file input27.txt (compact mmCIF, N, CA and C atoms)
# COMPACT_ATOMS: atom_id res chain seq x y z
N MET A 28 0.85 -1.17 0.00
CA MET A 28 0.00 0.00 0.00
C MET A 28 0.90 1.24 0.00
N SER A 29 0.65 2.16 -0.91
CA SER A 29 1.47 3.36 -1.05
C SER A 29 0.76 4.55 -0.44
N ASP A 30 1.49 5.28 0.40
CA ASP A 30 0.94 6.47 1.02
C ASP A 30 1.75 7.67 0.55
N GLU A 31 1.11 8.63 -0.10
CA GLU A 31 1.82 9.78 -0.63
C GLU A 31 2.10 10.84 0.43
N SER A 32 1.55 10.70 1.60
CA SER A 32 1.75 11.68 2.67
C SER A 32 3.15 11.54 3.26
N ASP A 33 3.76 12.67 3.56
CA ASP A 33 5.07 12.67 4.21
C ASP A 33 4.95 12.61 5.73
N GLN A 34 3.72 12.70 6.24
CA GLN A 34 3.52 12.72 7.69
C GLN A 34 3.34 11.31 8.22
N PRO A 35 3.93 11.05 9.39
CA PRO A 35 3.73 9.74 10.00
C PRO A 35 2.29 9.56 10.45
N GLU A 36 1.89 8.31 10.56
CA GLU A 36 0.53 8.01 11.01
C GLU A 36 0.31 8.59 12.39
N GLY A 37 -0.84 9.23 12.60
CA GLY A 37 -1.16 9.84 13.87
C GLY A 37 -0.62 11.24 14.05
N ALA A 38 0.06 11.79 13.04
CA ALA A 38 0.60 13.15 13.13
C ALA A 38 -0.54 14.16 13.08
N PRO A 39 -0.37 15.30 13.75
CA PRO A 39 -1.42 16.32 13.71
C PRO A 39 -1.70 16.78 12.28
N ILE A 40 -2.96 17.10 11.99
CA ILE A 40 -3.34 17.51 10.64
C ILE A 40 -3.32 19.02 10.48
N HIS A 41 -3.04 19.76 11.55
CA HIS A 41 -3.20 21.21 11.51
C HIS A 41 -1.91 21.98 11.37
N GLY A 42 -0.80 21.48 11.83
CA GLY A 42 0.48 22.16 11.70
C GLY A 42 0.81 23.15 12.81
N PHE A 43 -0.03 23.27 13.84
CA PHE A 43 0.26 24.18 14.95
C PHE A 43 1.22 23.51 15.92
N LYS A 44 2.02 24.34 16.60
CA LYS A 44 2.88 23.82 17.65
C LYS A 44 2.66 24.66 18.91
N GLU A 45 3.07 24.13 20.04
CA GLU A 45 2.87 24.79 21.33
C GLU A 45 3.39 26.22 21.30
N GLY A 46 2.54 27.15 21.75
CA GLY A 46 2.93 28.55 21.82
C GLY A 46 2.53 29.38 20.61
N ASP A 47 2.04 28.75 19.55
CA ASP A 47 1.62 29.50 18.36
C ASP A 47 0.41 30.38 18.68
N PRO A 48 0.44 31.65 18.24
CA PRO A 48 -0.75 32.50 18.40
C PRO A 48 -1.81 32.09 17.38
N VAL A 49 -3.04 31.94 17.85
CA VAL A 49 -4.13 31.48 16.98
C VAL A 49 -5.39 32.31 17.21
N TRP A 50 -6.30 32.21 16.25
CA TRP A 50 -7.66 32.71 16.42
C TRP A 50 -8.54 31.49 16.67
N VAL A 51 -9.52 31.63 17.56
CA VAL A 51 -10.49 30.58 17.83
C VAL A 51 -11.86 31.14 17.51
N GLU A 52 -12.57 30.45 16.62
CA GLU A 52 -13.91 30.90 16.24
C GLU A 52 -14.94 30.33 17.20
N ASP A 53 -15.82 31.20 17.70
CA ASP A 53 -16.86 30.72 18.61
C ASP A 53 -18.10 30.30 17.81
N GLY A 54 -19.14 29.89 18.50
CA GLY A 54 -20.36 29.39 17.87
C GLY A 54 -21.11 30.42 17.06
N GLU A 55 -20.81 31.69 17.28
CA GLU A 55 -21.50 32.76 16.55
C GLU A 55 -20.63 33.34 15.44
N GLY A 56 -19.49 32.71 15.17
CA GLY A 56 -18.62 33.14 14.08
C GLY A 56 -17.62 34.23 14.44
N ARG A 57 -17.57 34.63 15.70
CA ARG A 57 -16.59 35.65 16.13
C ARG A 57 -15.26 34.98 16.43
N ARG A 58 -14.18 35.70 16.19
CA ARG A 58 -12.84 35.18 16.47
C ARG A 58 -12.30 35.79 17.76
N HIS A 59 -11.62 34.94 18.53
CA HIS A 59 -11.01 35.35 19.80
C HIS A 59 -9.55 34.94 19.78
N PRO A 60 -8.64 35.80 20.27
CA PRO A 60 -7.22 35.43 20.29
C PRO A 60 -6.95 34.34 21.31
N GLY A 61 -6.03 33.46 20.97
CA GLY A 61 -5.63 32.40 21.88
C GLY A 61 -4.22 31.96 21.58
N VAL A 62 -3.75 31.02 22.38
CA VAL A 62 -2.42 30.43 22.21
C VAL A 62 -2.60 28.92 22.16
N PHE A 63 -2.07 28.30 21.11
CA PHE A 63 -2.17 26.84 20.97
C PHE A 63 -1.33 26.18 22.06
N VAL A 64 -1.93 25.24 22.77
CA VAL A 64 -1.23 24.53 23.85
C VAL A 64 -0.82 23.13 23.41
N GLY A 65 -1.74 22.40 22.78
CA GLY A 65 -1.41 21.04 22.34
C GLY A 65 -2.65 20.31 21.88
N ASP A 66 -2.44 19.14 21.31
CA ASP A 66 -3.54 18.31 20.83
C ASP A 66 -4.25 17.61 21.98
N ASN A 67 -5.54 17.44 21.84
CA ASN A 67 -6.32 16.66 22.79
C ASN A 67 -6.34 15.23 22.27
N GLU A 68 -5.39 14.45 22.71
CA GLU A 68 -5.22 13.10 22.18
C GLU A 68 -6.36 12.16 22.59
N ALA A 69 -7.13 12.52 23.59
CA ALA A 69 -8.22 11.66 24.04
C ALA A 69 -9.51 11.88 23.25
N SER A 70 -9.54 12.85 22.34
CA SER A 70 -10.79 13.17 21.65
C SER A 70 -11.32 11.99 20.85
N ALA A 71 -10.46 11.19 20.27
CA ALA A 71 -10.90 10.05 19.46
C ALA A 71 -11.54 8.96 20.31
N TRP A 72 -11.20 8.90 21.58
CA TRP A 72 -11.78 7.89 22.46
C TRP A 72 -13.28 8.04 22.59
N PHE A 73 -13.77 9.25 22.45
CA PHE A 73 -15.19 9.52 22.67
C PHE A 73 -15.94 9.75 21.37
N GLY A 74 -15.33 9.41 20.25
CA GLY A 74 -16.00 9.51 18.97
C GLY A 74 -16.03 10.90 18.37
N GLY A 75 -15.33 11.83 18.97
CA GLY A 75 -15.31 13.19 18.45
C GLY A 75 -14.23 13.36 17.40
N GLY A 76 -14.26 14.50 16.72
CA GLY A 76 -13.24 14.83 15.75
C GLY A 76 -11.99 15.32 16.46
N PRO A 77 -10.96 15.65 15.70
CA PRO A 77 -9.72 16.12 16.29
C PRO A 77 -9.93 17.45 17.03
N SER A 78 -9.36 17.55 18.21
CA SER A 78 -9.50 18.77 18.99
C SER A 78 -8.17 19.11 19.65
N ALA A 79 -8.10 20.32 20.19
CA ALA A 79 -6.85 20.80 20.77
C ALA A 79 -7.15 21.69 21.97
N TYR A 80 -6.13 21.88 22.79
CA TYR A 80 -6.21 22.79 23.93
C TYR A 80 -5.72 24.17 23.48
N VAL A 81 -6.49 25.20 23.81
CA VAL A 81 -6.12 26.57 23.50
C VAL A 81 -6.28 27.40 24.76
N ALA A 82 -5.26 28.21 25.08
CA ALA A 82 -5.32 29.11 26.23
C ALA A 82 -5.73 30.49 25.75
N HIS A 83 -6.54 31.16 26.56
CA HIS A 83 -6.96 32.54 26.29
C HIS A 83 -6.38 33.41 27.41
N PRO A 84 -5.16 33.92 27.21
CA PRO A 84 -4.49 34.64 28.29
C PRO A 84 -5.27 35.85 28.81
N ASP A 85 -5.92 36.60 27.93
CA ASP A 85 -6.66 37.79 28.38
C ASP A 85 -7.84 37.43 29.26
N ALA A 86 -8.44 36.28 29.01
CA ALA A 86 -9.60 35.84 29.79
C ALA A 86 -9.19 34.93 30.95
N HIS A 87 -7.91 34.59 31.05
CA HIS A 87 -7.40 33.71 32.12
C HIS A 87 -8.13 32.38 32.14
N GLN A 88 -8.30 31.79 30.95
CA GLN A 88 -8.96 30.48 30.87
C GLN A 88 -8.41 29.71 29.69
N ALA A 89 -8.72 28.43 29.65
CA ALA A 89 -8.35 27.56 28.54
C ALA A 89 -9.57 26.74 28.16
N GLU A 90 -9.53 26.19 26.96
CA GLU A 90 -10.64 25.35 26.52
C GLU A 90 -10.15 24.33 25.50
N VAL A 91 -10.96 23.31 25.30
CA VAL A 91 -10.73 22.31 24.27
C VAL A 91 -11.64 22.68 23.12
N VAL A 92 -11.07 22.83 21.92
CA VAL A 92 -11.85 23.21 20.75
C VAL A 92 -11.51 22.31 19.57
N SER A 93 -12.43 22.22 18.63
CA SER A 93 -12.17 21.50 17.39
C SER A 93 -11.03 22.18 16.65
N VAL A 94 -10.13 21.40 16.07
CA VAL A 94 -9.03 22.00 15.32
C VAL A 94 -9.54 22.76 14.10
N PHE A 95 -10.76 22.49 13.69
CA PHE A 95 -11.34 23.17 12.54
C PHE A 95 -11.81 24.58 12.89
N ARG A 96 -11.82 24.92 14.17
CA ARG A 96 -12.18 26.27 14.63
C ARG A 96 -10.95 27.13 14.91
N ILE A 97 -9.75 26.59 14.67
CA ILE A 97 -8.50 27.28 14.98
C ILE A 97 -7.83 27.71 13.67
N THR A 98 -7.43 28.98 13.60
CA THR A 98 -6.70 29.48 12.44
C THR A 98 -5.47 30.24 12.93
N PRO A 99 -4.43 30.32 12.09
CA PRO A 99 -3.21 31.03 12.50
C PRO A 99 -3.46 32.53 12.70
N ARG A 100 -2.69 33.12 13.61
CA ARG A 100 -2.77 34.55 13.88
C ARG A 100 -1.34 35.10 13.90
N ASP A 101 -1.14 36.25 13.28
CA ASP A 101 0.17 36.87 13.35
C ASP A 101 0.42 37.36 14.76
N ALA A 102 1.63 37.17 15.23
CA ALA A 102 1.97 37.53 16.62
C ALA A 102 1.89 39.01 16.87
call {"tool": "encode", "arguments": {"input": "input27.txt", "output": "structure tokens"}}
result
Amino acid sequence: MSDESDQPEGAPIHGFKEGDPVWVEDGEGRRHPGVFVGDNEASAWFGGGPSAYVAHPDAHQAEVVSVFRITPRDA
């Protein structure tokens, strides 16, 4: 079986690394600044899609969000 991907199996699909500044889109389509912390490796255990931990320094909180709601932000 030939795989054209250069990424190893189980590699993140998003390309973010710890400390990257990101935008997180909320349920109403608004973007909020955050900092990528890491992948939520347990998300697949519960049948969910890929998710990640994002810290919101201004709000002094963190959350787990779908990686599809995270986009890069210039520092």
call {"tool": "residues_around", "arguments": {"input": "input27.txt", "residues": "Pro77 of chain A", "least_positions_apart": "5", "cutoff": "6 Å", "atoms": "all atoms listed in the file", "output": "list in words"}}
result
Val92, Ser93 and Val94 of chain A
call {"tool": "closest_residue", "arguments": {"input": "input27.txt", "among": "A:His41, A:Val91, A:Asp47, A:Ile97", "to": "Val62 of chain A", "atoms": "all atoms listed in the file"}}
result
A:Asp47
call {"tool": "atom_distance", "arguments": {"input": "input27.txt", "atom1": "atom C of Gly65 of chain A", "atom2": "atom CA of Glu45 of chain A"}}
result
7.1 Å
call {"tool": "residues_around", "arguments": {"input": "input27.txt", "residues": "Ala82 of chain A", "least_positions_apart": "3", "cutoff": "7 Å", "atoms": "all atoms listed in the file", "output": "VMD selection string"}}
result
chain A and resid 60 to 64 85 88 to 90
call {"tool": "axis_aligned_box", "arguments": {"input": "input27.txt", "around": "segment 74-87 of chain A", "padding_each_side": "5 Å", "output": "AutoDock Vina command-line options"}}
result
--center_x -10.3 --center_y 23.6 --center_z 23.9 --size_x 21.5 --size_y 38.4 --size_z 26.4
call {"tool": "atom_distance", "arguments": {"input": "input27.txt", "atom1": "atom CA of Glu55 of chain A", "atom2": "atom CA of Pro99 of chain A"}}
result
18.8 Å
call {"tool": "atom_distance", "arguments": {"input": "input27.txt", "atom1": "atom CA of Glu68 of chain A", "atom2": "atom CA of Val81 of chain A"}}
result
13.6 Å
call {"tool": "closest_residue", "arguments": {"input": "input27.txt", "among": "A:Gly56, A:Gly76, A:Val51, A:Gly46", "to": "Thr98 of chain A", "atoms": "all atoms listed in the file"}}
result
A:Val51
call {"tool": "closest_residue", "arguments": {"input": "input27.txt", "among": "A:Ala79, A:Asn67, A:Arg96, A:Ala86", "to": "Glu52 of chain A", "atoms": "all atoms listed in the file"}}
result
A:Arg96
